[in-house]
$ cat structure.cif   # mmCIF, C-alpha atoms
data_model
loop_
_atom_site.group_PDB
_atom_site.id
_atom_site.type_symbol
_atom_site.label_atom_id
_atom_site.label_comp_id
_atom_site.auth_asym_id
_atom_site.auth_seq_id
_atom_site.Cartn_x
_atom_site.Cartn_y
_atom_site.Cartn_z
ATOM 1 C CA MET A 1 45.550 -17.028 -16.687
ATOM 2 C CA CYS A 2 42.022 -18.127 -16.263
ATOM 3 C CA GLY A 3 40.654 -21.364 -17.666
ATOM 4 C CA ASN A 4 42.385 -24.640 -18.391
ATOM 5 C CA SER A 5 45.210 -25.153 -20.812
ATOM 6 C CA ILE A 6 44.554 -27.120 -23.980
ATOM 7 C CA LEU A 7 47.241 -29.644 -23.055
ATOM 8 C CA LYS A 8 47.419 -30.716 -19.431
ATOM 9 C CA ASN A 9 51.180 -31.266 -19.257
ATOM 10 C CA LYS A 10 54.401 -31.069 -21.251
ATOM 11 C CA ARG A 11 54.501 -34.820 -21.764
ATOM 12 C CA GLN A 12 51.519 -34.623 -24.113
ATOM 13 C CA LEU A 13 53.294 -31.935 -26.130
ATOM 14 C CA TYR A 14 56.412 -34.103 -26.463
ATOM 15 C CA VAL A 15 54.395 -37.158 -27.506
ATOM 16 C CA ILE A 16 52.524 -35.151 -30.133
ATOM 17 C CA THR A 17 55.735 -33.692 -31.565
ATOM 18 C CA VAL A 18 57.463 -37.091 -31.750
ATOM 19 C CA LEU A 19 54.434 -38.650 -33.466
ATOM 20 C CA PHE A 20 54.242 -35.804 -35.983
ATOM 21 C CA THR A 21 57.971 -36.127 -36.671
ATOM 22 C CA ILE A 22 57.725 -39.888 -37.248
ATOM 23 C CA PHE A 23 54.789 -39.328 -39.589
ATOM 24 C CA PHE A 24 56.611 -36.659 -41.602
ATOM 25 C CA ILE A 25 59.772 -38.767 -41.835
ATOM 26 C CA LEU A 26 57.742 -41.685 -43.186
ATOM 27 C CA ILE A 27 55.980 -39.614 -45.825
ATOM 28 C CA SER A 28 59.199 -37.880 -46.928
ATOM 29 C CA THR A 29 61.353 -41.005 -47.268
ATOM 30 C CA PRO A 30 62.325 -41.702 -50.875
ATOM 31 C CA TRP A 31 61.136 -45.324 -50.843
ATOM 32 C CA SER A 32 61.199 -45.622 -54.620
ATOM 33 C CA PHE A 33 64.904 -44.698 -54.813
ATOM 34 C CA GLY A 34 66.060 -47.680 -52.760
ATOM 35 C CA PHE A 35 68.428 -45.598 -50.599
ATOM 36 C CA TYR A 36 70.757 -44.773 -53.491
ATOM 37 C CA PHE A 37 69.399 -41.299 -54.238
ATOM 38 C CA TYR A 38 71.457 -39.293 -51.693
ATOM 39 C CA ALA A 39 74.170 -41.308 -49.989
ATOM 40 C CA ASP A 40 76.177 -44.362 -50.949
ATOM 41 C CA SER A 41 76.477 -45.937 -47.517
ATOM 42 C CA MET A 42 73.941 -46.986 -44.912
ATOM 43 C CA ALA A 43 75.879 -45.050 -42.253
ATOM 44 C CA ALA A 44 75.323 -41.839 -44.192
ATOM 45 C CA TRP A 45 71.574 -42.561 -44.302
ATOM 46 C CA VAL A 46 71.515 -43.208 -40.547
ATOM 47 C CA ILE A 47 73.291 -39.910 -39.850
ATOM 48 C CA TYR A 48 71.004 -38.119 -42.314
ATOM 49 C CA TYR A 49 67.846 -39.455 -40.644
ATOM 50 C CA ALA A 50 69.136 -39.003 -37.082
ATOM 51 C CA LEU A 51 70.004 -35.342 -37.632
ATOM 52 C CA GLY A 52 66.774 -34.804 -39.546
ATOM 53 C CA ALA A 53 64.727 -36.375 -36.761
ATOM 54 C CA ILE A 54 66.361 -34.207 -34.095
ATOM 55 C CA LEU A 55 65.792 -31.073 -36.142
ATOM 56 C CA GLY A 56 62.260 -32.215 -36.974
ATOM 57 C CA VAL A 57 61.330 -32.810 -33.329
ATOM 58 C CA TYR A 58 62.569 -29.359 -32.336
ATOM 59 C CA THR A 59 60.818 -27.641 -35.246
ATOM 60 C CA MET A 60 57.559 -29.485 -34.603
ATOM 61 C CA TRP A 61 57.767 -28.729 -30.862
ATOM 62 C CA ALA A 62 58.196 -25.015 -31.590
ATOM 63 C CA PHE A 63 55.322 -25.028 -34.104
ATOM 64 C CA VAL A 64 52.866 -26.907 -31.868
ATOM 65 C CA ARG A 65 53.805 -24.766 -28.863
ATOM 66 C CA ALA A 66 53.272 -21.549 -30.846
ATOM 67 C CA LEU A 67 49.953 -22.885 -32.139
ATOM 68 C CA LEU A 68 48.799 -23.708 -28.613
ATOM 69 C CA ILE A 69 49.728 -20.224 -27.404
ATOM 70 C CA LEU A 70 47.807 -18.701 -30.310
ATOM 71 C CA LEU A 71 44.745 -20.828 -29.603
ATOM 72 C CA SER A 72 44.935 -20.041 -25.894
ATOM 73 C CA HIS A 73 44.995 -16.299 -26.574
ATOM 74 C CA GLU A 74 42.098 -16.605 -28.983
ATOM 75 C CA ARG A 75 40.092 -18.617 -26.458
ATOM 76 C CA HIS A 76 40.694 -15.996 -23.761
ATOM 77 C CA HIS A 77 39.654 -13.267 -26.196
ATOM 78 C CA ILE A 78 36.412 -15.092 -27.002
ATOM 79 C CA GLU A 79 35.727 -15.743 -23.301
ATOM 80 C CA GLY A 80 36.301 -12.042 -22.566
ATOM 81 C CA CYS A 81 33.939 -10.924 -25.329
ATOM 82 C CA ASN A 82 31.192 -13.311 -24.230
ATOM 83 C CA GLY A 83 31.245 -12.221 -20.634
#

$ encode --input "structure.cif" --output "structure tokens"
Amino acid sequence: MCGNSILKNKRQLYVITVLFTIFFILISTPWSFGFYFYADSMAAWVIYYALGAILGVYTMWAFVRALLILLSHERHHIEGCNG
């Protein structure tokens, strides 16, 4: 591959995915329900959020990685068309 990658290393990708996951967890938390909407115990909420965070990190990692590959291919296409 010619040219530089958009992200310089995998650590940046992991940091971005964790930050996105934290952001999405915060905006999807039912703050107005006072933790009584889904589960009765705090342990159930902890398990719910822990599993959701793990799944969220993986999903966000796959999405950002696919987006970077798409942008990289598009950049190489544009560089090839422009000479």

$ resolve_selection --input "structure.cif" --expression "the PyMOL selection byres ((chain A and resi 13) around 12)" --output "PyMOL selection string"
chain A and resi 5-12+14-20+57-58+60-68

$ closest_residue --input "structure.cif" --among "A:Ser41, A:Glu74, A:Ile54, A:Ile47" --to "A:Thr21" --atoms "all atoms listed in the file"
A:Ile54

$ atom_distance --input "structure.cif" --atom1 "atom CA of A:Phe23" --atom2 "atom CA of A:Leu55"
14.2 Å

$ closest_residue --input "structure.cif" --among "A:Met42, A:Ala53, A:Leu70, A:Cys81" --to "A:Phe24" --atoms "all atoms listed in the file"
A:Ala53

$ atom_distance --input "structure.cif" --atom1 "atom CA of A:Trp45" --atom2 "atom CA of A:Ser28"
13.5 Å
